[in-house]
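Engineer: Before I ask anything, let me first share the structure, which is written out below as structure tokens.
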Amino acid sequence: MSKKPDRRKSFADVVREVREQPTVSEPESGGVTDPEGTRWRPSTSSISEGQAHALLKQGARVAWDPCGCGGYCGFTWFGPEEAARLSASGTPTVRNTKRRHGNISEWTADDGRVLVVAEDAVRWADLMA
């Protein structure tokens, strides 16, 4: 038979254990930070598929927000190899259905670099569905 857990912990011990646990960081208000440490802030809330493709061809970084939450769950960040595949595939397709709404937005870094964020129901190459 297995032993029952020790239920004699005091409330103070339980509180101490909870306080010692690492906290999950929430997204920073007004932007996100990529894996390299660059801070990005939204600049244009909605751009066309053609604008997104043109920005990518001009060197913009690309990220995907699969659930459309604005970064709360995290972005999928694409590197140069994936960016080349996205560029070669042509313009993305924004899909809007009864339950899903796609969007593409433009974000900028403090140094002027551009990030294209595909949100939720956007299909682009085989990297976003």
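Residues in the structure tokens are numbered from 1 in each chain, the chains being A, B, ... in the order shown, and ligands are numbered from 1 in the order shown.
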Show which residues sit within 8 Å of range 99-112 of chain A, as a ChimeraX atom specification. Count only C-alpha atoms, and ignore same-chain residues fewer than 6 positions away.

Structural biologist: /A:38-49,52,68,118-122

Engineer: With N, CA and C atoms retained, export the selected residues as a compact mmCIF listing (two decimals), in the first residue's frame.

Structural biologist:
```
# COMPACT_ATOMS: atom_id res chain seq x y z
N THR A 38 15.84 41.80 -28.39
CA THR A 38 15.32 43.02 -29.03
C THR A 38 13.87 43.25 -28.59
N ARG A 39 13.59 44.47 -28.22
CA ARG A 39 12.23 44.85 -27.78
C ARG A 39 11.44 45.34 -28.98
N TRP A 40 10.25 44.77 -29.19
CA TRP A 40 9.38 45.12 -30.31
C TRP A 40 8.07 45.68 -29.79
N ARG A 41 7.59 46.74 -30.47
CA ARG A 41 6.32 47.36 -30.10
C ARG A 41 5.43 47.45 -31.33
N PRO A 42 4.12 47.25 -31.15
CA PRO A 42 3.22 47.36 -32.30
C PRO A 42 3.22 48.77 -32.87
N SER A 43 3.27 48.87 -34.21
CA SER A 43 3.24 50.19 -34.83
C SER A 43 2.04 50.35 -35.77
N THR A 44 1.67 49.30 -36.48
CA THR A 44 0.49 49.33 -37.35
C THR A 44 -0.33 48.08 -37.06
N SER A 45 -1.56 48.26 -36.63
CA SER A 45 -2.35 47.13 -36.15
C SER A 45 -2.79 46.15 -37.23
N SER A 46 -2.85 46.60 -38.47
CA SER A 46 -3.26 45.69 -39.54
C SER A 46 -2.65 46.15 -40.85
N ILE A 47 -1.95 45.23 -41.51
CA ILE A 47 -1.38 45.51 -42.83
C ILE A 47 -1.86 44.43 -43.79
N SER A 48 -1.77 44.70 -45.08
CA SER A 48 -2.24 43.75 -46.09
C SER A 48 -1.22 42.62 -46.27
N GLU A 49 -1.68 41.56 -46.92
CA GLU A 49 -0.79 40.45 -47.24
C GLU A 49 0.37 40.93 -48.11
N ALA A 52 2.91 42.81 -46.08
CA ALA A 52 3.70 41.88 -45.27
C ALA A 52 4.80 41.24 -46.10
N GLY A 68 -3.31 34.40 -31.56
CA GLY A 68 -3.78 35.78 -31.70
C GLY A 68 -3.94 36.52 -30.40
N ALA A 118 2.24 37.66 -37.91
CA ALA A 118 1.04 37.00 -38.41
C ALA A 118 0.28 36.47 -37.20
N GLU A 119 -0.99 36.82 -37.13
CA GLU A 119 -1.78 36.49 -35.95
C GLU A 119 -2.88 35.49 -36.29
N ASP A 120 -2.93 34.41 -35.55
CA ASP A 120 -3.97 33.39 -35.61
C ASP A 120 -4.08 32.76 -36.99
N ALA A 121 -5.20 32.94 -37.67
CA ALA A 121 -5.51 32.21 -38.89
C ALA A 121 -4.85 32.83 -40.12
N VAL A 122 -3.54 32.69 -40.20
CA VAL A 122 -2.78 33.15 -41.36
C VAL A 122 -2.02 31.95 -41.91
```

Engineer: Assign secondary structure with DSSP using the backbone only, and return the residues of range 40-125 of chain A in alpha helix (DSSP H) as a list of chain:residue names.

Structural biologist: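 The residues of range 40-125 of chain A classed as alpha helix (DSSP H) are A:Glu49, A:Gly50, A:Gln51, A:Ala52, A:His53, A:Ala54, A:Leu55, A:Leu56, A:Lys57, A:Pro80, A:Glu81, A:Glu82, A:Ala83, A:Ala84, A:Arg85, A:Leu86, A:Ser87, A:Ala88.
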
Engineer: Which value, in Å to one decimal, gives the distance between CA of His53 in chain A and CA of Lys98 in chain A?

Structural biologist: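 Those two atoms sit 25.8 Å apart.
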
Engineer: Apply DSSP to the structure's backbone, then extract all residues of chain A labelled strand (DSSP E or B) and return them as a PyMOL selection string.

Structural biologist: chain A and resi 32-33+39-44+61-65+76-78+93-94+96+101+103-109+114-119+122-124+128

Engineer: Could you write out that same residue set with N, CA and C atoms as an mmCIF file, in the first residue's frame?

Structural biologist:
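For reference, selection-v6.cif as written:
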```cif
data_model
loop_
_atom_site.group_PDB
_atom_site.id
_atom_site.type_symbol
_atom_site.label_atom_id
_atom_site.label_comp_id
_atom_site.auth_asym_id
_atom_site.auth_seq_id
_atom_site.Cartn_x
_atom_site.Cartn_y
_atom_site.Cartn_z
ATOM 1 N N VAL A 32 6.784 43.036 -26.994
ATOM 2 C CA VAL A 32 7.400 41.756 -26.659
ATOM 3 C C VAL A 32 8.903 41.860 -26.874
ATOM 4 N N THR A 33 9.628 40.919 -26.306
ATOM 5 C CA THR A 33 11.073 40.834 -26.496
ATOM 6 C C THR A 33 11.382 39.513 -27.181
ATOM 7 N N ARG A 39 13.585 44.467 -28.220
ATOM 8 C CA ARG A 39 12.234 44.848 -27.778
ATOM 9 C C ARG A 39 11.437 45.340 -28.977
ATOM 10 N N TRP A 40 10.253 44.768 -29.193
ATOM 11 C CA TRP A 40 9.383 45.120 -30.313
ATOM 12 C C TRP A 40 8.071 45.682 -29.789
ATOM 13 N N ARG A 41 7.595 46.740 -30.469
ATOM 14 C CA ARG A 41 6.324 47.360 -30.095
ATOM 15 C C ARG A 41 5.428 47.454 -31.331
ATOM 16 N N PRO A 42 4.119 47.251 -31.149
ATOM 17 C CA PRO A 42 3.220 47.357 -32.303
ATOM 18 C C PRO A 42 3.219 48.772 -32.874
ATOM 19 N N SER A 43 3.271 48.870 -34.206
ATOM 20 C CA SER A 43 3.236 50.193 -34.833
ATOM 21 C C SER A 43 2.039 50.349 -35.767
ATOM 22 N N THR A 44 1.665 49.296 -36.484
ATOM 23 C CA THR A 44 0.491 49.326 -37.355
ATOM 24 C C THR A 44 -0.329 48.077 -37.062
ATOM 25 N N ARG A 61 11.870 41.065 -39.969
ATOM 26 C CA ARG A 61 11.807 39.815 -39.217
ATOM 27 C C ARG A 61 10.348 39.357 -39.221
ATOM 28 N N VAL A 62 10.107 38.046 -39.071
ATOM 29 C CA VAL A 62 8.745 37.522 -39.068
ATOM 30 C C VAL A 62 8.523 36.664 -37.829
ATOM 31 N N ALA A 63 7.348 36.830 -37.229
ATOM 32 C CA ALA A 63 6.938 36.001 -36.098
ATOM 33 C C ALA A 63 5.480 35.620 -36.284
ATOM 34 N N TRP A 64 5.095 34.532 -35.644
ATOM 35 C CA TRP A 64 3.711 34.064 -35.715
ATOM 36 C C TRP A 64 3.136 33.992 -34.315
ATOM 37 N N ASP A 65 1.978 34.573 -34.149
ATOM 38 C CA ASP A 65 1.214 34.521 -32.902
ATOM 39 C C ASP A 65 0.074 33.533 -33.159
ATOM 40 N N THR A 76 6.072 32.439 -32.212
ATOM 41 C CA THR A 76 7.001 31.557 -32.907
ATOM 42 C C THR A 76 7.870 32.473 -33.756
ATOM 43 N N TRP A 77 9.172 32.494 -33.460
ATOM 44 C CA TRP A 77 10.096 33.398 -34.156
ATOM 45 C C TRP A 77 10.770 32.644 -35.294
ATOM 46 N N PHE A 78 10.818 33.253 -36.480
ATOM 47 C CA PHE A 78 11.413 32.617 -37.645
ATOM 48 C C PHE A 78 12.777 33.221 -37.940
ATOM 49 N N THR A 93 -1.813 34.294 -46.711
ATOM 50 C CA THR A 93 -3.264 34.340 -46.843
ATOM 51 C C THR A 93 -3.879 34.499 -45.460
ATOM 52 N N VAL A 94 -4.613 35.589 -45.273
ATOM 53 C CA VAL A 94 -5.325 35.810 -44.014
ATOM 54 C C VAL A 94 -6.695 35.163 -44.154
ATOM 55 N N ASN A 96 -10.415 34.309 -42.385
ATOM 56 C CA ASN A 96 -11.392 34.666 -41.358
ATOM 57 C C ASN A 96 -12.570 33.716 -41.469
ATOM 58 N N HIS A 101 -9.983 34.377 -36.618
ATOM 59 C CA HIS A 101 -9.799 35.633 -37.345
ATOM 60 C C HIS A 101 -8.309 35.913 -37.467
ATOM 61 N N ASN A 103 -4.914 38.043 -38.886
ATOM 62 C CA ASN A 103 -4.499 39.433 -39.045
ATOM 63 C C ASN A 103 -2.985 39.448 -39.207
ATOM 64 N N ILE A 104 -2.483 40.472 -39.845
ATOM 65 C CA ILE A 104 -1.038 40.687 -39.934
ATOM 66 C C ILE A 104 -0.773 42.107 -39.463
ATOM 67 N N SER A 105 0.174 42.254 -38.556
ATOM 68 C CA SER A 105 0.489 43.581 -38.025
ATOM 69 C C SER A 105 1.978 43.867 -38.180
ATOM 70 N N GLU A 106 2.303 45.141 -38.086
ATOM 71 C CA GLU A 106 3.693 45.589 -38.200
ATOM 72 C C GLU A 106 4.151 46.110 -36.842
ATOM 73 N N TRP A 107 5.316 45.649 -36.416
ATOM 74 C CA TRP A 107 5.911 46.065 -35.149
ATOM 75 C C TRP A 107 7.278 46.660 -35.450
ATOM 76 N N THR A 108 7.782 47.524 -34.578
ATOM 77 C CA THR A 108 9.106 48.109 -34.780
ATOM 78 C C THR A 108 9.932 48.011 -33.505
ATOM 79 N N ALA A 109 11.243 47.981 -33.714
ATOM 80 C CA ALA A 109 12.194 48.008 -32.604
ATOM 81 C C ALA A 109 12.667 49.445 -32.419
ATOM 82 N N VAL A 114 12.039 46.309 -38.493
ATOM 83 C CA VAL A 114 10.619 45.990 -38.638
ATOM 84 C C VAL A 114 10.383 44.501 -38.390
ATOM 85 N N LEU A 115 9.275 44.220 -37.728
ATOM 86 C CA LEU A 115 8.815 42.857 -37.465
ATOM 87 C C LEU A 115 7.407 42.720 -38.025
ATOM 88 N N VAL A 116 7.180 41.667 -38.800
ATOM 89 C CA VAL A 116 5.851 41.344 -39.304
ATOM 90 C C VAL A 116 5.308 40.224 -38.423
ATOM 91 N N VAL A 117 4.148 40.456 -37.808
ATOM 92 C CA VAL A 117 3.539 39.448 -36.939
ATOM 93 C C VAL A 117 2.252 38.944 -37.585
ATOM 94 N N ALA A 118 2.245 37.655 -37.911
ATOM 95 C CA ALA A 118 1.039 37.000 -38.410
ATOM 96 C C ALA A 118 0.278 36.473 -37.197
ATOM 97 N N GLU A 119 -0.990 36.821 -37.127
ATOM 98 C CA GLU A 119 -1.784 36.489 -35.949
ATOM 99 C C GLU A 119 -2.885 35.492 -36.289
ATOM 100 N N VAL A 122 -3.540 32.687 -40.198
ATOM 101 C CA VAL A 122 -2.781 33.153 -41.355
ATOM 102 C C VAL A 122 -2.015 31.954 -41.906
ATOM 103 N N ARG A 123 -2.115 31.744 -43.201
ATOM 104 C CA ARG A 123 -1.364 30.664 -43.847
ATOM 105 C C ARG A 123 -0.247 31.309 -44.664
ATOM 106 N N TRP A 124 0.984 30.846 -44.397
ATOM 107 C CA TRP A 124 2.135 31.378 -45.130
ATOM 108 C C TRP A 124 3.137 30.248 -45.263
ATOM 109 N N MET A 128 3.007 28.283 -41.301
ATOM 110 C CA MET A 128 1.852 28.780 -40.547
ATOM 111 C C MET A 128 0.599 28.162 -41.148
#
```

Engineer: Give me, as a list in words, all polymer residues having an atom no more than 12 Å from Ala84 in chain A, counting only C-alpha atoms and skipping those fewer than 3 positions away in the same chain.

Structural biologist: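 Neighbouring residues, sequence-local ones excluded: His53, Leu56, Lys57, Gln58, Gly59, Ala60, Arg61, Val62, Phe78, Gly79, Pro80, Glu81, Ser87, Ala88, Ser89, Gly90, Trp124, Ala125 and Leu127 of chain A.
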
Engineer: Residues of the last selection are to be written out with C-alpha atoms, as a compact mmCIF listing (two decimals), in the first residue's frame.

Structural biologist:
```txt
# COMPACT_ATOMS: atom_id res chain seq x y z
CA HIS A 53 5.45 40.18 -48.19
CA LEU A 56 9.79 40.60 -45.58
CA LYS A 57 11.57 41.09 -48.91
CA GLN A 58 13.05 44.33 -47.49
CA GLY A 59 14.52 42.41 -44.55
CA ALA A 60 11.80 42.48 -41.89
CA ARG A 61 11.81 39.81 -39.22
CA VAL A 62 8.74 37.52 -39.07
CA PHE A 78 11.41 32.62 -37.64
CA GLY A 79 15.08 32.76 -38.55
CA PRO A 80 16.73 33.58 -41.90
CA GLU A 81 16.15 30.12 -43.41
CA SER A 87 9.50 34.99 -49.09
CA ALA A 88 9.77 32.36 -51.83
CA SER A 89 6.22 31.16 -51.18
CA GLY A 90 4.68 34.53 -52.06
CA TRP A 124 2.14 31.38 -45.13
CA ALA A 125 4.20 28.70 -46.81
CA LEU A 127 5.20 27.30 -41.57
```

Engineer: Given the choices A:Glu36, A:Glu20, A:Asp126, A:Asp13, which gets closest to Leu86 in chain A if the distance is worked out from only C-alpha atoms?

Structural biologist: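 The answer is A:Asp126, which sits nearest to Leu86 in chain A.
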
Engineer: Of the candidates A:Glu17, A:Leu55, A:Gly37, A:Gly31, which one gets nearest to Tyr72 in chain A if we count only C-alpha atoms?

Structural biologist: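 Among the listed residues, A:Gly31 lies closest to Tyr72 in chain A.
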